[in-house]
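Trainee: So I've got this file, structure16.cif, and it contains mmCIF, C-alpha atoms:
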data_upload
#
loop_
_atom_site.label_atom_id
_atom_site.label_comp_id
_atom_site.auth_asym_id
_atom_site.auth_seq_id
_atom_site.Cartn_x
_atom_site.Cartn_y
_atom_site.Cartn_z
CA MET A 1 240.97 13.78 50.11
CA ALA A 2 238.29 13.99 47.42
CA VAL A 3 239.26 15.98 44.34
CA LEU A 4 237.50 17.11 41.19
CA VAL A 5 239.48 16.69 37.97
CA THR A 6 238.74 17.09 34.28
CA GLU A 7 241.08 14.42 32.87
CA ILE A 8 241.58 10.83 34.02
CA THR A 9 245.33 11.34 33.68
CA GLU A 10 245.22 13.80 36.60
CA LEU A 11 244.51 10.84 38.89
CA ILE A 12 247.66 8.91 38.00
CA GLY A 13 250.33 8.45 40.65
CA ASP A 14 250.63 9.18 44.37
CA THR A 15 249.57 5.61 45.07
CA PRO A 16 249.51 4.49 48.72
CA LEU A 17 251.89 2.17 50.53
CA LEU A 18 250.52 -0.49 52.88
CA GLU A 19 252.60 -2.22 55.55
CA LEU A 20 251.67 -5.91 55.46
CA THR A 21 251.43 -6.23 59.23
CA ARG A 22 249.20 -9.31 59.46
CA TYR A 23 251.08 -11.09 56.68
CA GLY A 24 254.39 -10.38 58.40
CA ARG A 25 253.13 -11.33 61.84
CA ASN A 26 251.74 -14.63 60.58
CA ARG A 27 255.24 -15.55 59.34
CA ASP A 28 257.22 -13.99 62.16
CA LEU A 29 259.22 -11.96 59.65
CA GLY A 30 262.21 -10.02 60.93
CA ALA A 31 261.85 -7.24 58.36
CA ARG A 32 258.74 -5.28 57.49
CA ILE A 33 257.24 -5.56 54.01
CA VAL A 34 255.53 -2.49 52.59
CA ALA A 35 253.42 -2.89 49.45
CA LYS A 36 253.34 -0.06 46.89
CA LEU A 37 249.75 -0.43 45.69
CA GLU A 38 249.83 0.55 42.03
CA THR A 39 246.32 -0.85 41.71
CA PHE A 40 245.15 2.56 42.99
CA ASN A 41 246.00 4.18 39.67
CA PRO A 42 242.76 5.05 37.83
CA ILE A 43 243.07 2.41 35.13
CA GLY A 44 244.35 -0.12 37.62
CA SER A 45 248.06 -0.73 37.20
CA VAL A 46 251.58 0.68 37.42
CA LYS A 47 251.52 1.00 33.63
CA ASP A 48 249.10 3.93 33.86
CA ARG A 49 252.17 6.02 34.67
CA ILE A 50 254.20 5.24 31.57
CA ALA A 51 251.18 5.18 29.25
CA TRP A 52 250.41 8.78 30.14
CA ALA A 53 254.07 9.81 30.04
CA ILE A 54 254.56 8.31 26.57
CA ILE A 55 251.36 9.75 25.11
CA ARG A 56 252.01 13.19 26.61
CA ASP A 57 255.55 13.19 25.25
CA ALA A 58 254.33 12.22 21.77
CA GLU A 59 251.75 15.00 21.84
CA GLU A 60 254.29 17.58 22.94
CA ARG A 61 256.65 16.57 20.12
CA GLY A 62 253.87 16.64 17.53
CA GLU A 63 254.04 12.89 16.88
CA LEU A 64 250.42 12.37 17.97
CA ARG A 65 247.72 14.55 16.48
CA PRO A 66 243.92 14.61 16.85
CA GLY A 67 242.37 11.49 15.37
CA GLY A 68 245.66 9.60 15.40
CA ARG A 69 246.33 6.01 16.36
CA ILE A 70 248.85 4.36 18.65
CA VAL A 71 250.26 0.86 18.27
CA ASP A 72 252.51 -1.36 20.41
CA LEU A 73 253.16 -4.84 21.73
CA THR A 74 251.65 -5.70 25.10
CA SER A 75 251.26 -8.44 27.68
CA GLY A 76 248.19 -6.56 28.83
CA ASN A 77 248.70 -3.81 31.39
CA THR A 78 250.54 -1.22 29.29
CA GLY A 79 248.15 -1.84 26.45
CA ILE A 80 245.13 -1.42 28.71
CA ALA A 81 246.48 1.85 30.09
CA LEU A 82 247.41 3.15 26.63
CA ALA A 83 244.01 2.15 25.24
CA ALA A 84 242.15 3.93 28.05
CA ILE A 85 244.17 7.14 27.81
CA ALA A 86 244.02 7.04 24.01
CA ALA A 87 240.24 6.73 24.20
CA SER A 88 240.04 9.68 26.60
CA ARG A 89 242.00 11.83 24.13
CA GLY A 90 240.32 10.73 20.91
CA TYR A 91 242.95 8.33 19.55
CA GLY A 92 242.53 4.83 18.20
CA SER A 93 244.72 1.97 19.43
CA THR A 94 246.00 -1.38 18.19
CA PHE A 95 248.00 -3.93 20.17
CA TYR A 96 249.86 -7.14 19.40
CA ALA A 97 249.66 -9.65 22.24
CA GLY A 98 250.60 -13.25 22.87
CA ASP A 99 247.67 -15.63 22.83
CA ASN A 100 248.49 -16.66 26.39
CA ILE A 101 247.41 -13.43 28.11
CA SER A 102 244.33 -13.69 30.30
CA ALA A 103 240.89 -13.41 28.75
CA ASP A 104 240.19 -10.67 31.31
CA LYS A 105 242.95 -8.48 29.85
CA VAL A 106 241.79 -9.00 26.28
CA ALA A 107 238.27 -8.03 27.36
CA LEU A 108 239.57 -4.86 28.99
CA LEU A 109 241.56 -3.88 25.90
CA ARG A 110 238.47 -4.28 23.74
CA ALA A 111 236.29 -2.47 26.27
CA PHE A 112 238.47 0.61 25.75
CA GLY A 113 238.02 0.31 21.99
CA ALA A 114 241.38 -1.25 21.13
CA ASP A 115 242.00 -3.64 18.26
CA VAL A 116 243.81 -6.75 19.51
CA ILE A 117 245.99 -8.88 17.23
CA THR A 118 247.06 -12.12 18.90
CA VAL A 119 250.32 -13.91 18.22
CA PRO A 120 250.98 -17.60 19.07
CA ASN A 121 253.07 -17.94 22.21
CA THR A 122 255.38 -20.28 20.30
CA PHE A 123 256.50 -17.24 18.28
CA PHE A 124 258.22 -15.84 21.38
CA LEU A 125 260.53 -18.88 21.58
CA ASP A 126 262.55 -17.14 18.88
CA PRO A 127 265.16 -14.92 20.62
CA ASP A 128 264.49 -12.28 17.96
CA ALA A 129 260.71 -12.36 18.48
CA LEU A 130 260.40 -8.92 20.09
CA VAL A 131 262.50 -7.30 17.36
CA LEU A 132 260.50 -9.01 14.62
CA LEU A 133 257.14 -8.15 16.17
CA ARG A 134 258.10 -4.51 16.60
CA GLU A 135 259.05 -4.39 12.91
CA ARG A 136 255.75 -6.03 11.96
CA ALA A 137 253.74 -3.53 14.03
CA ARG A 138 255.49 -0.59 12.38
CA THR A 139 255.11 -2.08 8.88
CA GLU A 140 251.42 -2.91 9.24
CA HIS A 141 250.60 0.49 10.79
CA PRO A 142 252.94 3.00 9.11
CA ASP A 143 250.76 6.00 9.97
CA ALA A 144 250.32 5.11 13.66
CA TYR A 145 252.54 6.26 16.50
CA PHE A 146 254.54 3.30 17.82
CA THR A 147 254.72 3.90 21.58
CA ASP A 148 257.64 1.47 21.99
CA GLN A 149 257.15 0.83 25.70
CA LEU A 150 260.16 -1.50 25.88
CA ALA A 151 262.66 1.07 24.60
CA ASN A 152 261.06 4.49 25.02
CA PRO A 153 263.30 6.39 27.50
CA VAL A 154 260.29 8.33 28.77
CA ASN A 155 259.29 5.11 30.57
CA PRO A 156 262.08 4.80 33.19
CA GLN A 157 262.40 8.59 33.46
CA TYR A 158 258.79 8.90 34.58
CA HIS A 159 259.38 6.35 37.33
CA TYR A 160 262.49 8.30 38.34
CA ASP A 161 260.37 11.45 38.51
CA THR A 162 257.36 9.96 40.33
CA THR A 163 257.48 6.40 41.68
CA GLY A 164 260.90 6.69 43.29
CA PRO A 165 260.16 9.99 45.06
CA GLU A 166 256.80 8.67 46.27
CA ILE A 167 258.47 5.65 47.90
CA TRP A 168 261.20 7.80 49.43
CA LYS A 169 258.71 10.30 50.85
CA ALA A 170 256.21 7.75 52.17
CA THR A 171 258.90 5.76 53.98
CA ALA A 172 260.66 8.93 55.19
CA GLY A 173 263.79 7.65 53.47
CA SER A 174 263.80 4.41 55.48
CA VAL A 175 263.50 2.05 52.51
CA ASP A 176 266.32 -0.50 52.47
CA ILE A 177 265.28 -2.89 49.69
CA LEU A 178 263.11 -2.43 46.61
CA VAL A 179 261.63 -5.57 45.03
CA GLY A 180 259.94 -5.71 41.64
CA GLY A 181 259.75 -7.60 38.38
CA VAL A 182 260.91 -6.70 34.89
CA GLY A 183 258.15 -6.21 32.33
CA THR A 184 259.35 -3.20 30.38
CA GLY A 185 262.11 -2.63 32.94
CA GLY A 186 261.08 0.95 33.57
CA THR A 187 259.74 0.68 37.12
CA LEU A 188 262.87 -0.73 38.74
CA SER A 189 265.28 1.19 36.51
CA GLY A 190 263.72 4.57 37.21
CA SER A 191 262.63 4.26 40.82
CA GLY A 192 265.68 2.19 41.73
CA ARG A 193 268.01 4.83 40.31
CA TYR A 194 266.24 7.56 42.29
CA LEU A 195 266.41 5.61 45.56
CA LYS A 196 270.07 4.70 45.09
CA GLU A 197 270.95 8.32 44.36
CA ASN A 198 269.38 9.28 47.70
CA ASN A 199 270.87 6.31 49.56
CA PRO A 200 273.55 4.22 47.80
CA GLN A 201 272.93 1.42 50.33
CA VAL A 202 269.45 0.72 48.94
CA GLN A 203 269.30 -2.69 47.27
CA VAL A 204 267.21 -3.46 44.19
CA VAL A 205 266.10 -7.08 43.89
CA VAL A 206 264.48 -8.54 40.78
CA ALA A 207 261.83 -11.25 41.00
CA GLU A 208 262.05 -13.28 37.79
CA PRO A 209 260.35 -16.46 36.55
CA GLY A 210 262.02 -19.78 37.25
CA TRP A 211 262.75 -22.08 34.32
CA GLY A 212 259.61 -24.11 35.02
CA SER A 213 257.51 -21.00 34.38
CA VAL A 214 259.10 -20.01 31.08
CA PRO A 215 257.85 -21.24 27.67
CA THR A 216 260.02 -23.88 25.99
CA PRO A 217 259.68 -25.83 22.73
CA GLU A 218 258.50 -28.78 24.80
CA ASN A 219 256.02 -26.71 26.80
CA PRO A 220 255.15 -23.48 24.97
CA TYR A 221 252.14 -22.78 27.22
CA PRO A 222 253.23 -23.23 30.83
CA GLN A 223 251.48 -21.48 33.69
CA GLU A 224 253.32 -18.16 33.51
CA ILE A 225 253.88 -15.23 35.81
CA ASP A 226 252.09 -12.71 33.65
CA GLY A 227 254.06 -9.78 32.26
CA VAL A 228 257.38 -10.61 33.94
CA HIS A 229 260.50 -11.49 31.94
CA LYS A 230 263.40 -13.73 32.81
CA ILE A 231 266.63 -11.73 32.72
CA THR A 232 269.41 -14.04 33.83
CA GLU A 233 270.62 -16.29 31.01
CA ALA A 234 268.35 -14.49 28.52
CA GLU A 235 269.64 -13.52 25.09
CA PRO A 236 270.53 -9.80 24.91
CA GLN A 237 267.76 -9.08 22.40
CA GLN A 238 265.19 -10.57 24.80
CA ILE A 239 265.98 -8.06 27.54
CA PRO A 240 263.97 -4.82 27.36
CA ASP A 241 266.10 -1.86 26.31
CA ASN A 242 264.63 0.15 29.17
CA PHE A 243 265.99 -2.20 31.83
CA ASP A 244 269.19 -0.87 33.37
CA GLN A 245 270.89 -4.08 34.50
CA SER A 246 273.43 -2.12 36.56
CA ILE A 247 270.65 -1.13 38.96
CA ALA A 248 269.95 -4.71 40.07
CA ASP A 249 271.78 -6.12 43.09
CA GLU A 250 270.20 -9.56 43.04
CA TYR A 251 267.90 -11.79 40.98
CA VAL A 252 265.64 -14.34 42.63
CA ALA A 253 263.78 -16.98 40.60
CA VAL A 254 260.15 -17.76 41.40
CA GLU A 255 257.95 -20.52 40.01
CA THR A 256 254.35 -19.75 39.13
CA ALA A 257 252.89 -21.99 41.84
CA ASP A 258 254.73 -20.04 44.53
CA ALA A 259 253.64 -16.73 42.99
CA TYR A 260 250.02 -17.89 43.06
CA LEU A 261 250.27 -18.94 46.72
CA ALA A 262 251.72 -15.56 47.71
CA ALA A 263 248.98 -13.73 45.80
CA GLN A 264 246.35 -15.85 47.55
CA ALA A 265 247.91 -15.09 50.94
CA LEU A 266 247.92 -11.36 50.16
CA ALA A 267 244.20 -11.51 49.37
CA ARG A 268 243.19 -13.67 52.33
CA GLU A 269 245.40 -12.06 54.96
CA GLU A 270 245.53 -8.41 53.91
CA GLY A 271 242.47 -8.02 51.69
CA VAL A 272 244.60 -7.00 48.69
CA LEU A 273 243.70 -8.69 45.42
CA ALA A 274 246.76 -8.72 43.17
CA GLY A 275 248.09 -10.43 40.06
CA SER A 276 250.67 -13.17 39.65
CA SER A 277 253.55 -10.72 39.21
CA ALA A 278 252.72 -9.19 42.60
CA GLY A 279 252.63 -12.72 44.00
CA ALA A 280 256.12 -13.36 42.65
CA ILE A 281 257.39 -10.07 44.06
CA LEU A 282 255.83 -10.77 47.47
CA HIS A 283 257.32 -14.28 47.50
CA VAL A 284 260.78 -12.80 46.97
CA ALA A 285 260.19 -10.04 49.52
CA THR A 286 259.21 -12.72 52.04
CA GLN A 287 262.42 -14.65 51.42
CA LEU A 288 264.42 -11.47 51.92
CA ALA A 289 262.51 -10.64 55.11
CA GLN A 290 263.44 -14.07 56.51
CA ARG A 291 267.17 -13.49 56.14
CA PRO A 292 268.83 -12.68 59.49
CA GLU A 293 270.91 -9.89 57.94
CA ASN A 294 267.70 -8.06 56.95
CA ALA A 295 266.15 -7.98 60.42
CA GLY A 296 264.64 -4.57 61.14
CA LYS A 297 264.87 -3.41 57.53
CA THR A 298 262.10 -1.99 55.35
CA ILE A 299 261.37 -3.86 52.12
CA VAL A 300 259.16 -2.15 49.55
CA ALA A 301 257.39 -4.56 47.20
CA ILE A 302 255.75 -3.23 44.04
CA VAL A 303 252.17 -4.47 43.54
CA PRO A 304 251.75 -3.79 39.82
CA ASP A 305 248.07 -4.56 39.28
CA SER A 306 244.85 -6.11 40.53
CA GLY A 307 243.99 -9.78 40.65
CA GLU A 308 240.68 -8.95 38.98
CA ARG A 309 242.60 -9.10 35.69
CA TYR A 310 243.44 -12.75 36.29
CA LEU A 311 240.33 -14.36 37.75
CA SER A 312 239.93 -16.46 34.61
CA ALA A 313 243.58 -17.56 34.81
CA GLY A 314 243.04 -19.58 37.97
CA ILE A 315 245.34 -17.68 40.34
CA TYR A 316 242.68 -17.89 43.04
CA GLY A 317 241.35 -21.30 42.10
CA ASN A 318 237.99 -21.87 40.50
CA VAL A 319 236.43 -18.66 41.82
CA THR A 320 234.45 -18.08 38.63
CA ALA A 321 232.46 -21.32 38.96
CA PRO A 322 228.67 -20.84 39.02
CA VAL A 323 227.13 -20.64 42.46
CA ALA A 324 224.58 -23.36 43.06
CA ALA A 325 221.11 -22.07 43.92
CA THR A 326 219.73 -23.02 47.32
CA VAL A 327 216.21 -22.89 48.65
#
In structure tokens, how does this file's structure come out?
Mentor:
Amino acid sequence: MAVLVTEITELIGDTPLLELTRYGRNRDLGARIVAKLETFNPIGSVKDRIAWAIIRDAEERGELRPGGRIVDLTSGNTGIALAAIAASRGYGSTFYAGDNISADKVALLRAFGADVITVPNTFFLDPDALVLLRERARTEHPDAYFTDQLANPVNPQYHYDTTGPEIWKATAGSVDILVGGVGTGGTLSGSGRYLKENNPQVQVVVAEPGWGSVPTPENPYPQEIDGVHKITEAEPQQIPDNFDQSIADEYVAVETADAYLAAQALAREEGVLAGSSAGAILHVATQLAQRPENAGKTIVAIVPDSGERYLSAGIYGNVTAPVAATV
């Protein structure tokens, strides 16, 4: 239904769910996989939700005033959403990002008027990197509002209030398994808590990077699954404060190559262009759908963002190569 709104934030949420019928049929899956298409948010990702929730909360508490500035760390999507909403409300924005994020995401941040400060990916090999970078951001921008996406409790609460209920309603309460990744930890913590409160039998499964897809001193720039953190065996200070580990029933490791293949299959079999994190989540959902004990169940897989943000990263091969002219 077409609607007329006066603020871009009015378009956030109520994203559709798509049953991956062709994908499932091609693999003879015993369970059905339903994709929660967060790409339908107006700025293009699941992070639109928390960006608006955090900014609105700061405004209501008087922390953000006209002409103010916001600052945070980002792997791209939250920063893009914050930058867009900040621009729409007259705020400036500054973000600290690893130098390994896609060129597409940096371009989007700058398109919305954000200042981008890059940090070498080797910096994040330090277990205390997130703590140190948060301190640096606050020190270098003392007058800005630090949105603190990794620890701001507004983040998981908004998913509890919106994402979880949307999944429950769209599936008529038939969801059995929720699969997602941990970026800030808010999506699974909030929506997972809501679903479990309505049905304690719902399982929450975390797709996390395998060791071959995580930076190491020997290989600080591996092909990574963008915006998804490894949780198992991580140091406590590396785990986002907003991630409620008690909500997770299982962790499944995924290597980047497998995430890319799943993202490619999603595009070429269902017409859904998604990022590497969605590929990782779909790969895990597929494994779960192949288990005999899950036959007949409904698996909801979060699709956090669009593959258009990763075309330069090679997820879909060399699709940006020039097209040769023909006569």
Trainee: Mind running range 6-115 of chain A against range 189-212 of chain A at 12 Å and telling me each contacting residue's nearest atom pair with the distance in Å (one decimal), counting all atoms listed in the file, chain and number ascending, as CSV?
Mentor:
residue,atom,partner,partner_atom,distance
A:Lys36,CA,A:Ser191,CA,11.9
A:Arg49,CA,A:Gly190,CA,11.9
A:Ile50,CA,A:Gly190,CA,11.1
Trainee: Would you kindly translate the PyMOL selection byres ((chain A and resi 215) around 12) into the concrete residues it picks from this file, as a list of chain:residue names?
Mentor: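 That expression, the PyMOL selection byres ((chain A and resi 215) around 12), corresponds here to A:Gly98, A:Asn100, A:Pro120, A:Asn121, A:Thr122, A:Phe123, A:Phe124, A:Leu125, A:Asp126, A:Pro127, A:Pro209, A:Gly210, A:Trp211, A:Gly212, A:Ser213, A:Val214, A:Thr216, A:Pro217, A:Glu218, A:Asn219, A:Pro220, A:Tyr221, A:Pro222, A:Gln223, A:Glu224, A:Ile225, A:Asp226, A:His229, A:Lys230.
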Trainee: Given the file shown, determine the residues that the PyMOL selection byres ((chain A and resi 177) around 7) selects; report them as JSON, numbers by chain.
Mentor: {"A": [175, 176, 178, 179, 202, 203, 204, 298, 299, 300]}
Trainee: Which of these residues is nearest to Gly181 in chain A, using only C-alpha atoms: A:Phe40, A:Phe243, A:Phe146, A:Tyr260?
Mentor: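 Closest to Gly181 in chain A of all the choices is A:Phe243.
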Trainee: Kindly provide, as AutoDock Vina command-line options, the centre and edge lengths (Å, one decimal) of an axis-aligned box around all atoms of range 15-31 of chain A given in the file, with 6 Å on each side.
Mentor:
--center_x 255.7 --center_y -5.0 --center_z 53.6 --size_x 25.0 --size_y 33.2 --size_z 29.1
Trainee: The PyMOL selection byres ((chain A and resi 107) around 12) on the file shown: which residues, as a short mmCIF file (atom, residue, chain, number, x, y, z; two decimals) with C-alpha atoms, keeping the file's coordinate frame?
Mentor:
data_model
loop_
_atom_site.label_atom_id
_atom_site.label_comp_id
_atom_site.auth_asym_id
_atom_site.auth_seq_id
_atom_site.Cartn_x
_atom_site.Cartn_y
_atom_site.Cartn_z
CA GLY A 76 248.19 -6.56 28.83
CA ASN A 77 248.70 -3.81 31.39
CA GLY A 79 248.15 -1.84 26.45
CA ILE A 80 245.13 -1.42 28.71
CA ALA A 83 244.01 2.15 25.24
CA ILE A 101 247.41 -13.43 28.11
CA SER A 102 244.33 -13.69 30.30
CA ALA A 103 240.89 -13.41 28.75
CA ASP A 104 240.19 -10.67 31.31
CA LYS A 105 242.95 -8.48 29.85
CA VAL A 106 241.79 -9.00 26.28
CA LEU A 108 239.57 -4.86 28.99
CA LEU A 109 241.56 -3.88 25.90
CA ARG A 110 238.47 -4.28 23.74
CA ALA A 111 236.29 -2.47 26.27
CA PHE A 112 238.47 0.61 25.75
CA GLY A 113 238.02 0.31 21.99
CA ALA A 114 241.38 -1.25 21.13
CA ASP A 115 242.00 -3.64 18.26
CA VAL A 116 243.81 -6.75 19.51
CA GLU A 308 240.68 -8.95 38.98
CA ARG A 309 242.60 -9.10 35.69
CA TYR A 310 243.44 -12.75 36.29
CA SER A 312 239.93 -16.46 34.61
#
Trainee: Because the input lacks atoms here, generate N, CA and C atoms for range 25-57 of chain A and report them as an mmCIF file, keeping the file's coordinate frame.
Mentor:
data_model
loop_
_atom_site.group_PDB
_atom_site.id
_atom_site.type_symbol
_atom_site.label_atom_id
_atom_site.label_comp_id
_atom_site.auth_asym_id
_atom_site.auth_seq_id
_atom_site.Cartn_x
_atom_site.Cartn_y
_atom_site.Cartn_z
ATOM 1 N N ARG A 25 253.296 -10.721 60.517
ATOM 2 C CA ARG A 25 253.130 -11.330 61.840
ATOM 3 C C ARG A 25 252.858 -12.827 61.736
ATOM 4 N N ASN A 26 252.068 -13.221 60.758
ATOM 5 C CA ASN A 26 251.740 -14.630 60.580
ATOM 6 C C ASN A 26 252.969 -15.477 60.252
ATOM 7 N N ARG A 27 254.019 -14.830 59.728
ATOM 8 C CA ARG A 27 255.240 -15.550 59.340
ATOM 9 C C ARG A 27 256.430 -15.198 60.220
ATOM 10 N N ASP A 28 256.171 -14.400 61.227
ATOM 11 C CA ASP A 28 257.220 -13.990 62.160
ATOM 12 C C ASP A 28 258.435 -13.429 61.409
ATOM 13 N N LEU A 29 258.144 -12.525 60.480
ATOM 14 C CA LEU A 29 259.220 -11.960 59.650
ATOM 15 C C LEU A 29 260.029 -10.939 60.446
ATOM 16 N N GLY A 30 261.328 -10.946 60.228
ATOM 17 C CA GLY A 30 262.210 -10.020 60.930
ATOM 18 C C GLY A 30 262.247 -8.645 60.321
ATOM 19 N N ALA A 31 261.913 -8.536 59.045
ATOM 20 C CA ALA A 31 261.850 -7.240 58.360
ATOM 21 C C ALA A 31 260.395 -6.919 58.063
ATOM 22 N N ARG A 32 260.111 -5.644 57.850
ATOM 23 C CA ARG A 32 258.740 -5.280 57.490
ATOM 24 C C ARG A 32 258.637 -5.159 55.978
ATOM 25 N N ILE A 33 257.518 -5.663 55.440
ATOM 26 C CA ILE A 33 257.240 -5.560 54.010
ATOM 27 C C ILE A 33 256.164 -4.509 53.806
ATOM 28 N N VAL A 34 256.463 -3.569 52.921
ATOM 29 C CA VAL A 34 255.530 -2.490 52.590
ATOM 30 C C VAL A 34 255.172 -2.621 51.117
ATOM 31 N N ALA A 35 253.880 -2.719 50.833
ATOM 32 C CA ALA A 35 253.420 -2.890 49.450
ATOM 33 C C ALA A 35 253.089 -1.539 48.830
ATOM 34 N N LYS A 36 253.666 -1.269 47.668
ATOM 35 C CA LYS A 36 253.340 -0.060 46.890
ATOM 36 C C LYS A 36 252.174 -0.436 45.987
ATOM 37 N N LEU A 37 250.975 0.032 46.332
ATOM 38 C CA LEU A 37 249.750 -0.430 45.690
ATOM 39 C C LEU A 37 249.443 0.349 44.416
ATOM 40 N N GLU A 38 250.036 -0.104 43.319
ATOM 41 C CA GLU A 38 249.830 0.550 42.030
ATOM 42 C C GLU A 38 248.440 0.291 41.458
ATOM 43 N N THR A 39 247.707 -0.600 42.102
ATOM 44 C CA THR A 39 246.320 -0.850 41.710
ATOM 45 C C THR A 39 245.448 0.381 41.931
ATOM 46 N N PHE A 40 245.929 1.351 42.725
ATOM 47 C CA PHE A 40 245.150 2.560 42.990
ATOM 48 C C PHE A 40 245.234 3.584 41.866
ATOM 49 N N ASN A 41 246.039 3.321 40.844
ATOM 50 C CA ASN A 41 246.000 4.180 39.670
ATOM 51 C C ASN A 41 244.639 4.049 39.001
ATOM 52 N N PRO A 42 244.152 5.058 38.303
ATOM 53 C CA PRO A 42 242.760 5.050 37.830
ATOM 54 C C PRO A 42 242.398 3.943 36.857
ATOM 55 N N ILE A 43 243.358 3.489 36.076
ATOM 56 C CA ILE A 43 243.070 2.410 35.130
ATOM 57 C C ILE A 43 243.513 1.069 35.702
ATOM 58 N N GLY A 44 244.151 1.100 36.860
ATOM 59 C CA GLY A 44 244.350 -0.120 37.620
ATOM 60 C C GLY A 44 245.710 -0.749 37.677
ATOM 61 N N SER A 45 246.744 -0.095 37.128
ATOM 62 C CA SER A 45 248.060 -0.730 37.200
ATOM 63 C C SER A 45 249.183 0.304 37.164
ATOM 64 N N VAL A 46 250.384 -0.172 37.460
ATOM 65 C CA VAL A 46 251.580 0.680 37.420
ATOM 66 C C VAL A 46 251.813 1.237 36.023
ATOM 67 N N LYS A 47 251.290 0.564 35.010
ATOM 68 C CA LYS A 47 251.520 1.000 33.630
ATOM 69 C C LYS A 47 250.740 2.257 33.257
ATOM 70 N N ASP A 48 249.789 2.659 34.106
ATOM 71 C CA ASP A 48 249.100 3.930 33.860
ATOM 72 C C ASP A 48 250.117 5.058 33.764
ATOM 73 N N ARG A 49 251.160 4.967 34.605
ATOM 74 C CA ARG A 49 252.170 6.020 34.670
ATOM 75 C C ARG A 49 252.870 6.195 33.322
ATOM 76 N N ILE A 50 253.409 5.101 32.793
ATOM 77 C CA ILE A 50 254.200 5.240 31.570
ATOM 78 C C ILE A 50 253.316 5.473 30.346
ATOM 79 N N ALA A 51 252.086 4.940 30.386
ATOM 80 C CA ALA A 51 251.180 5.180 29.250
ATOM 81 C C ALA A 51 250.928 6.667 29.092
ATOM 82 N N TRP A 52 250.653 7.338 30.197
ATOM 83 C CA TRP A 52 250.410 8.780 30.140
ATOM 84 C C TRP A 52 251.688 9.527 29.757
ATOM 85 N N ALA A 53 252.810 9.127 30.343
ATOM 86 C CA ALA A 53 254.070 9.810 30.040
ATOM 87 C C ALA A 53 254.415 9.707 28.560
ATOM 88 N N ILE A 54 254.218 8.525 27.980
ATOM 89 C CA ILE A 54 254.560 8.310 26.570
ATOM 90 C C ILE A 54 253.617 9.085 25.649
ATOM 91 N N ILE A 55 252.318 9.037 25.947
ATOM 92 C CA ILE A 55 251.360 9.750 25.110
ATOM 93 C C ILE A 55 251.572 11.261 25.216
ATOM 94 N N ARG A 56 251.778 11.757 26.423
ATOM 95 C CA ARG A 56 252.010 13.190 26.610
ATOM 96 C C ARG A 56 253.259 13.650 25.861
ATOM 97 N N ASP A 57 254.314 12.854 25.954
ATOM 98 C CA ASP A 57 255.550 13.190 25.250
ATOM 99 C C ASP A 57 255.337 13.231 23.737
#
